[in-house]
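Everything below concerns the one structure shown next.
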Amino acid sequence: MREVLLDIYRRLYEAYGPQNWWPGETQFEVIVGAILTQQVSWNAVERAITALKDNGLMQPESLARASIERIALLIRPTVYYNQKAKKLKAFLKLLERRYQGNLKELLTLPLPELRAELLSVHGIGKETADSILLYAAGKPSFVVDAYTRRILARLGLIEGSEPYEKIRTLFMENLPANVQLYNEYHALLVRHGKERCRKRSPRCDSCPLEDLCQSVR
DNA sequence: GCCCAGGGGGCTC
DNA sequence: GAGCCCCATGGG
């Protein structure tokens, strides 16, 4: 399995090059983006992030003072805007109550402690927690998303419906705990998924993983 | 008009 | 755990 996972990584890297993730200027912006991108295209998230910035709300202090209604209005392109406004507030509440608003203090916790702390927040599930761990805190926590499942399933490496933790463990037990590798690997899977391995319209012509794929259409 | 996009919570069994 | 529903915009 180790060699297969590394082979996939090399092929994707060769095909697409470095992805320079996560798109975001600050750690806080990465966290906000991780919550807003749940089940939504990144294009919509970008508009919401721009709106928050234009209104001076891309800092924990100012966002904590804004009303849920105002936040919801600004992040409307991200679909579940009322839910996500609450989720942002839930994270800010944790930050304020347990870390006095000190984001650095939270993000420098050891990986297992930080993951548990993030998972305790309403609206932060496993994928969002791992995205924050990897891309905001710089810790080697592999991120599993819908593209990861679909691509690995089409390669015949997994069934597809396995629990999140099982797939995360598959990567983490077979790859070195390297932040840059995890960063690039997940970003490449998303790039490949968006561009070549979508749900309805897989473009299998000259796909970098073509000869590994079990479900060529 | 339909499908789907870088999920998560809450509920039932 | 597995299997449902809910959330509720915008682009292809």
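Ordering of the structure tokens sets the chain letters (A, B, ...); residue numbers start at 1 within each chain; ligands are numbered from 1 in the order shown.
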At a cut-off of 12 Å, can you tabulate as a tab-separated table every residue of chain B near chain A together with its closest atom pair and the distance in Å to one decimal, using only C-alpha atoms (C1' of nucleotides) and ordering rows by chain then number?
```
residue	atom	partner	partner_atom	distance
B:DC3	C1'	A:Arg200	CA	8.9
B:DC4	C1'	A:Lys199	CA	8.5
B:DA5	C1'	A:Ser41	CA	4.7
B:DG6	C1'	A:Thr37	CA	6.4
B:DG7	C1'	A:Gln38	CA	4.6
B:DG8	C1'	A:Gly123	CA	5.8
B:DG9	C1'	A:Gly123	CA	7.4
B:DG10	C1'	A:His122	CA	11.8
```
Enumerate, in order of chain and increasing residue number, the residues of chain A with an atom no farther than 6 Å from chain C, each with its shortest atom pair and distance in Å to one decimal, counting only C-alpha atoms (C1' of nucleotides), as a tab-separated table.
```
residue	atom	partner	partner_atom	distance
A:Pro77	CA	C:DT9	C1'	5.2
A:Val79	CA	C:DT9	C1'	4.5
A:Tyr80	CA	C:DC7	C1'	5.3
```
> If you count only C-alpha atoms (C1' of nucleotides), which residues fall within 9 Å of A:Met1, apart from same-chain ones fewer than 5 positions away, as a PyMOL selection string?
Replying inline: chain A and resi 6+157+170+174
>> Taking the DSSP secondary structure from the backbone, can you list the residues of stretch 18-166 of chain A that are helix (DSSP H, G or I), as a PyMOL selection string?
In response: chain A and resi 27-36+42-54+60-65+68-74+76-78+81-99+103-107+111-119+126-136+146-154+164-166
>> Would you pick out the contacts of A:Phe142 at 9 Å or less, using only C-alpha atoms (C1' of nucleotides), so that residues sharing its chain but fewer than 3 positions from it are not included, and give the list as a ChimeraX atom specification?
In response: /A:127,130-131,133-134,168-169,171-172,177,179,182-183,185-186
>> Quick one: residues within 10 Å of A:Leu152, only C-alpha atoms (C1' of nucleotides), excluding same-chain residues fewer than 3 positions away - as number ranges by chain?
In response: A: 5, 8, 147-149, 155-160, 167, 189, 213-214
Could you write out that same residue set with N, CA and C atoms as a PDB file, in the first residue's frame?
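File produced: result_39.pdb:
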```
ATOM      1  N   LEU A   5       0.484   4.344  -2.695  1.00  0.00           N
ATOM      2  CA  LEU A   5       0.133   5.707  -2.295  1.00  0.00           C
ATOM      3  C   LEU A   5       1.197   6.698  -2.738  1.00  0.00           C
ATOM      4  N   ILE A   8       0.861   7.172  -6.564  1.00  0.00           N
ATOM      5  CA  ILE A   8      -0.236   8.092  -6.894  1.00  0.00           C
ATOM      6  C   ILE A   8       0.210   9.537  -6.676  1.00  0.00           C
ATOM      7  N   TYR A 147     -13.434  13.787  -2.490  1.00  0.00           N
ATOM      8  CA  TYR A 147     -12.572  13.468  -3.635  1.00  0.00           C
ATOM      9  C   TYR A 147     -11.638  12.313  -3.295  1.00  0.00           C
ATOM     10  N   THR A 148     -11.095  12.338  -2.083  1.00  0.00           N
ATOM     11  CA  THR A 148     -10.199  11.258  -1.654  1.00  0.00           C
ATOM     12  C   THR A 148     -10.911   9.916  -1.749  1.00  0.00           C
ATOM     13  N   ARG A 149     -12.132   9.867  -1.240  1.00  0.00           N
ATOM     14  CA  ARG A 149     -12.920   8.632  -1.297  1.00  0.00           C
ATOM     15  C   ARG A 149     -13.178   8.198  -2.738  1.00  0.00           C
ATOM     16  N   LEU A 155      -9.895   3.661  -7.956  1.00  0.00           N
ATOM     17  CA  LEU A 155      -8.633   2.935  -8.144  1.00  0.00           C
ATOM     18  C   LEU A 155      -8.730   1.529  -7.563  1.00  0.00           C
ATOM     19  N   GLY A 156      -9.847   1.248  -6.880  1.00  0.00           N
ATOM     20  CA  GLY A 156     -10.029  -0.076  -6.289  1.00  0.00           C
ATOM     21  C   GLY A 156      -9.276  -0.280  -4.990  1.00  0.00           C
ATOM     22  N   LEU A 157      -8.792   0.824  -4.385  1.00  0.00           N
ATOM     23  CA  LEU A 157      -8.010   0.699  -3.153  1.00  0.00           C
ATOM     24  C   LEU A 157      -8.892   0.656  -1.916  1.00  0.00           C
ATOM     25  N   ILE A 158     -10.075   1.237  -2.019  1.00  0.00           N
ATOM     26  CA  ILE A 158     -11.042   1.171  -0.927  1.00  0.00           C
ATOM     27  C   ILE A 158     -12.410   0.904  -1.527  1.00  0.00           C
ATOM     28  N   GLU A 159     -13.363   0.562  -0.659  1.00  0.00           N
ATOM     29  CA  GLU A 159     -14.724   0.348  -1.144  1.00  0.00           C
ATOM     30  C   GLU A 159     -15.385   1.705  -1.364  1.00  0.00           C
ATOM     31  N   GLY A 160     -15.120   2.623  -0.452  1.00  0.00           N
ATOM     32  CA  GLY A 160     -15.630   3.972  -0.596  1.00  0.00           C
ATOM     33  C   GLY A 160     -16.473   4.437   0.574  1.00  0.00           C
ATOM     34  N   ILE A 167      -9.920   5.586   6.621  1.00  0.00           N
ATOM     35  CA  ILE A 167      -9.205   6.076   5.446  1.00  0.00           C
ATOM     36  C   ILE A 167      -8.056   6.991   5.854  1.00  0.00           C
ATOM     37  N   LEU A 189      -5.154  15.765  -4.615  1.00  0.00           N
ATOM     38  CA  LEU A 189      -6.354  14.938  -4.769  1.00  0.00           C
ATOM     39  C   LEU A 189      -7.564  15.812  -5.107  1.00  0.00           C
ATOM     40  N   CYS A 213      -6.606   2.757 -12.769  1.00  0.00           N
ATOM     41  CA  CYS A 213      -8.034   2.900 -12.486  1.00  0.00           C
ATOM     42  C   CYS A 213      -8.813   1.626 -12.820  1.00  0.00           C
ATOM     43  N   GLN A 214      -9.752   1.306 -11.918  1.00  0.00           N
ATOM     44  CA  GLN A 214     -10.557   0.092 -12.081  1.00  0.00           C
ATOM     45  C   GLN A 214     -11.876   0.367 -12.817  1.00  0.00           C
TER      46      GLN A 214
END
```
